[in-house]
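Q: I am attaching a structure below and will ask some questions about it afterwards.
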Amino acid sequence: MRADRLVSLVLLLRQRGRLSAATLARELEVSTRTVLRDIEALSAAGVPVYAERGRLGGFALLPGFRTELTGLNHDEALALLVAGSRRGAQVFGLGSALASAVLKVVDALPEGHRDTAADAARRLLIDPDIDLLARSTVVEEVPDAVAGEVRRAVFAGHKLRIHYAAAGRPPKWRTVDPIGLVTVRGQGYLLAKRSGEDRTYRLDRVLAAEELDEPAQRPDRVDLDRAWQERSTHFRSGGDQIAVLVRLHPDRREALVKTALTVLAEEPEADGRLRLEVTFQDAEHAEWALWQLAGDAEALAPQWLRAALFNRAAATASCYQAAVPDPGPRPPA
């Protein structure tokens, strides 16, 4: 860990020039005293770092000094810089390692390409915190200690003990055979086997984790993409699914199909509308999906869903039933 920090310290001074001990401590997430010890270690190793006194002083490298980290072309470095904005590193507890890696990537570029690649990376935004409707993306919080233990067990092929809080149940310790890690829209999952059965655990529900010395019982090779697809299919086909008969405007078919789990049947009606039988995960899912489509969709069955949508619409209408003044012309689209 200290060797990585020393490299990061040198790269920070290389790319940003003179920096104070306090700034270096903040960037490296260590104490000022640790920074001073690291500076002494670098000097003893022959790295030409020197101190400038005064209010605007700090530490700097002698002009012309650079580390040699070669082998990356412009597009390779740009790809890694863009990857640095992905959320997976945060989910799996690799945020600080990613920051250090990005510093090394920038320093690896030839002098003439460094500014070009950095500017190009600033012109690409991947997975921002909000979408165009200002809806926030919630990224789970997984303690670094938990993420580290899980990650080490996955890579080492060892069994893993986790203190897991399943939805609606008290936390419980269980021993699993970890297979791999998956991140989807900021949500991390551990794919594992338990007593020979496939299991999927949300990382933000793992309260504590402990890597064991015992080898995990798992295949030597794994196709994570296929494993995730199989578990996704199993999840959608399990539980108390709800079948719904819907009469739908054809322009809204794609919106419904994207939300539903499966389409069981579909046929056109004489007036151009579509009649579909679709399934949803549960009653809440069905009511939410049909409500999004407003008057473009009518739930024909089951009756309880029709009643639920009617009650929701009536409650909404009651909020606006008082006399409303003329709103005037609508603003242009």
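Numbering starts fresh at 1 for the residues of each chain in the structure tokens, the chains themselves are lettered A, B, ... in the order given, and ligands are numbered from 1 as they appear.
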Tell me which protein, DNA and RNA residues are within 12 Å of stretch 307-311 of chain A, counting only C-alpha atoms, leaving out same-chain ones fewer than 2 positions away, and put them as a list in words.

A: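 Returned residues: Ala283, Glu284, Ala286, Glu287, Trp288, Ala289, Leu290, Trp291, Gln292, Leu293, Ala294, Gly295, Ala297, Glu298, Ala299, Leu300, Ala301, Pro302, Gln303, Trp304, Leu305, Ala313, Ala314, Ala315, Thr316, Ala317 and Ser318 of chain A.
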
Q: Quick one: residues within 12 Å of stretch 217-224 of chain A, only C-alpha atoms counted, chain neighbours fewer than 6 positions away excluded, as a PyMOL selection string?

A: chain A and resi 154-160+175-183+189-198+230-232

Q: What would the file look like if the residues just selected were written as a compact mmCIF listing (two decimals), in the first residue's frame with N, CA, C and O atoms?

A:
```
# COMPACT_ATOMS: atom_id res chain seq x y z
N VAL A 154 -13.57 -13.70 -3.75
CA VAL A 154 -13.92 -14.01 -5.14
C VAL A 154 -12.67 -14.30 -5.95
O VAL A 154 -12.59 -15.29 -6.69
N PHE A 155 -11.65 -13.45 -5.82
CA PHE A 155 -10.45 -13.60 -6.63
C PHE A 155 -9.59 -14.78 -6.18
O PHE A 155 -8.96 -15.44 -7.01
N ALA A 156 -9.55 -15.04 -4.87
CA ALA A 156 -8.73 -16.14 -4.36
C ALA A 156 -9.41 -17.49 -4.49
O ALA A 156 -8.75 -18.53 -4.37
N GLY A 157 -10.72 -17.50 -4.71
CA GLY A 157 -11.43 -18.77 -4.81
C GLY A 157 -11.64 -19.42 -3.45
O GLY A 157 -11.60 -20.64 -3.34
N HIS A 158 -11.84 -18.60 -2.41
CA HIS A 158 -12.06 -19.11 -1.06
C HIS A 158 -13.52 -18.97 -0.66
O HIS A 158 -14.24 -18.12 -1.19
N LYS A 159 -13.94 -19.80 0.29
CA LYS A 159 -15.28 -19.65 0.85
C LYS A 159 -15.38 -18.32 1.58
O LYS A 159 -14.38 -17.74 2.02
N LEU A 160 -16.63 -17.86 1.74
CA LEU A 160 -16.87 -16.54 2.31
C LEU A 160 -18.02 -16.62 3.30
O LEU A 160 -19.07 -17.19 3.00
N THR A 175 -22.45 -19.18 5.01
CA THR A 175 -21.20 -19.45 4.31
C THR A 175 -21.52 -19.80 2.87
O THR A 175 -22.36 -20.66 2.60
N VAL A 176 -20.85 -19.11 1.94
CA VAL A 176 -21.15 -19.28 0.51
C VAL A 176 -19.87 -19.52 -0.27
O VAL A 176 -18.76 -19.27 0.21
N ASP A 177 -20.03 -20.02 -1.47
CA ASP A 177 -18.94 -20.20 -2.42
C ASP A 177 -19.05 -19.10 -3.47
O ASP A 177 -19.91 -19.17 -4.36
N PRO A 178 -18.24 -18.05 -3.38
CA PRO A 178 -18.38 -16.91 -4.29
C PRO A 178 -17.95 -17.26 -5.71
O PRO A 178 -16.95 -17.95 -5.92
N ILE A 179 -18.71 -16.75 -6.69
CA ILE A 179 -18.42 -17.00 -8.10
C ILE A 179 -17.94 -15.74 -8.79
O ILE A 179 -16.97 -15.74 -9.55
N GLY A 180 -18.62 -14.61 -8.58
CA GLY A 180 -18.24 -13.38 -9.25
C GLY A 180 -19.04 -12.21 -8.73
O GLY A 180 -19.97 -12.36 -7.93
N LEU A 181 -18.67 -11.01 -9.20
CA LEU A 181 -19.33 -9.77 -8.80
C LEU A 181 -19.91 -9.09 -10.03
O LEU A 181 -19.29 -9.07 -11.09
N VAL A 182 -21.09 -8.53 -9.86
CA VAL A 182 -21.80 -7.86 -10.96
C VAL A 182 -22.29 -6.51 -10.45
O VAL A 182 -22.75 -6.40 -9.31
N THR A 183 -22.18 -5.48 -11.29
CA THR A 183 -22.76 -4.19 -10.95
C THR A 183 -23.73 -3.78 -12.04
O THR A 183 -23.42 -3.88 -13.23
N TYR A 189 -23.84 -6.81 -6.88
CA TYR A 189 -24.35 -8.12 -6.50
C TYR A 189 -23.19 -9.12 -6.41
O TYR A 189 -22.24 -9.06 -7.19
N LEU A 190 -23.31 -10.04 -5.47
CA LEU A 190 -22.40 -11.17 -5.36
C LEU A 190 -23.13 -12.41 -5.87
O LEU A 190 -24.19 -12.76 -5.36
N LEU A 191 -22.57 -13.04 -6.90
CA LEU A 191 -23.09 -14.31 -7.39
C LEU A 191 -22.33 -15.43 -6.69
O LEU A 191 -21.09 -15.41 -6.64
N ALA A 192 -23.06 -16.35 -6.10
CA ALA A 192 -22.43 -17.39 -5.30
C ALA A 192 -23.26 -18.66 -5.34
O ALA A 192 -24.36 -18.70 -5.93
N LYS A 193 -22.72 -19.70 -4.73
CA LYS A 193 -23.46 -20.93 -4.50
C LYS A 193 -23.49 -21.19 -3.00
O LYS A 193 -22.53 -20.90 -2.28
N ARG A 194 -24.61 -21.74 -2.57
CA ARG A 194 -24.76 -22.10 -1.16
C ARG A 194 -25.40 -23.47 -1.10
O ARG A 194 -26.51 -23.67 -1.62
N SER A 195 -24.66 -24.41 -0.54
CA SER A 195 -25.10 -25.81 -0.50
C SER A 195 -25.41 -26.31 -1.91
O SER A 195 -26.37 -27.06 -2.13
N GLY A 196 -24.62 -25.85 -2.89
CA GLY A 196 -24.78 -26.30 -4.27
C GLY A 196 -25.83 -25.56 -5.06
O GLY A 196 -25.95 -25.77 -6.27
N GLU A 197 -26.60 -24.66 -4.43
CA GLU A 197 -27.66 -23.93 -5.12
C GLU A 197 -27.20 -22.51 -5.46
O GLU A 197 -26.46 -21.89 -4.71
N ASP A 198 -27.66 -22.02 -6.62
CA ASP A 198 -27.32 -20.67 -7.04
C ASP A 198 -27.94 -19.65 -6.08
O ASP A 198 -29.12 -19.77 -5.71
N GLU A 230 -29.12 -15.99 -16.68
CA GLU A 230 -29.90 -17.11 -16.14
C GLU A 230 -30.58 -16.71 -14.82
O GLU A 230 -31.75 -17.03 -14.58
N ARG A 231 -29.85 -16.01 -13.97
CA ARG A 231 -30.44 -15.63 -12.68
C ARG A 231 -31.50 -14.56 -12.86
O ARG A 231 -32.49 -14.53 -12.13
N SER A 232 -31.29 -13.68 -13.83
CA SER A 232 -32.30 -12.67 -14.12
C SER A 232 -33.59 -13.32 -14.61
O SER A 232 -34.69 -12.96 -14.19
```

Q: Measuring atom to atom with only C-alpha atoms, identify which of A:Glu214, A:Leu274, A:Thr200, A:Val257 is nearest to A:Phe235.

A: A:Thr200

Q: Between atom CA of A:Ala165 and atom CA of A:Arg205, what is the distance in Å, rounded to a tenth?

A: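 One can read the atom CA of A:Ala165 to atom CA of A:Arg205 distance as 5.3 Å.
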
Q: Nearest to A:Leu264 among A:Val206, A:Ala22, A:Leu12, A:Leu276, with distances taken over only C-alpha atoms: which residue is it?

A: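 When distances to A:Leu264 are compared using only C-alpha atoms, the smallest one comes from A:Leu276.
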
Q: Mind checking which residues fall within 10 Å of A:Glu266, counting only C-alpha atoms, ignoring those fewer than 5 positions away in the same chain, and posting them as a list of chain:residue names?

A: A:Leu245, A:Val246, A:Arg247, A:Leu274, A:Arg275, A:Leu276, A:Glu277, A:Val278

Q: Let's have the selection written as a JSON list (two decimals), in the first residue's frame, with N, CA and C atoms.

A:
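The resulting file, part.json, is reproduced below:
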```json
[["chain", "number", "residue", "atom", "x", "y", "z"],
["A", 245, "LEU", "N", -54.52, -8.38, -18.36],
["A", 245, "LEU", "CA", -55.03, -8.18, -19.71],
["A", 245, "LEU", "C", -55.17, -6.69, -19.94],
["A", 246, "VAL", "N", -54.52, -6.18, -20.98],
["A", 246, "VAL", "CA", -54.43, -4.74, -21.20],
["A", 246, "VAL", "C", -54.91, -4.40, -22.60],
["A", 247, "ARG", "N", -55.68, -3.30, -22.70],
["A", 247, "ARG", "CA", -56.05, -2.71, -23.99],
["A", 247, "ARG", "C", -55.20, -1.47, -24.15],
["A", 274, "LEU", "N", -54.35, -2.42, -29.35],
["A", 274, "LEU", "CA", -53.80, -3.76, -29.13],
["A", 274, "LEU", "C", -54.35, -4.33, -27.84],
["A", 275, "ARG", "N", -54.54, -5.64, -27.85],
["A", 275, "ARG", "CA", -54.93, -6.34, -26.63],
["A", 275, "ARG", "C", -53.77, -7.28, -26.26],
["A", 276, "LEU", "N", -53.18, -7.07, -25.10],
["A", 276, "LEU", "CA", -52.04, -7.88, -24.67],
["A", 276, "LEU", "C", -52.29, -8.50, -23.32],
["A", 277, "GLU", "N", -51.77, -9.71, -23.15],
["A", 277, "GLU", "CA", -51.73, -10.33, -21.83],
["A", 277, "GLU", "C", -50.27, -10.36, -21.40],
["A", 278, "VAL", "N", -49.98, -9.67, -20.31],
["A", 278, "VAL", "CA", -48.60, -9.52, -19.85],
["A", 278, "VAL", "C", -48.52, -9.91, -18.38]]
```
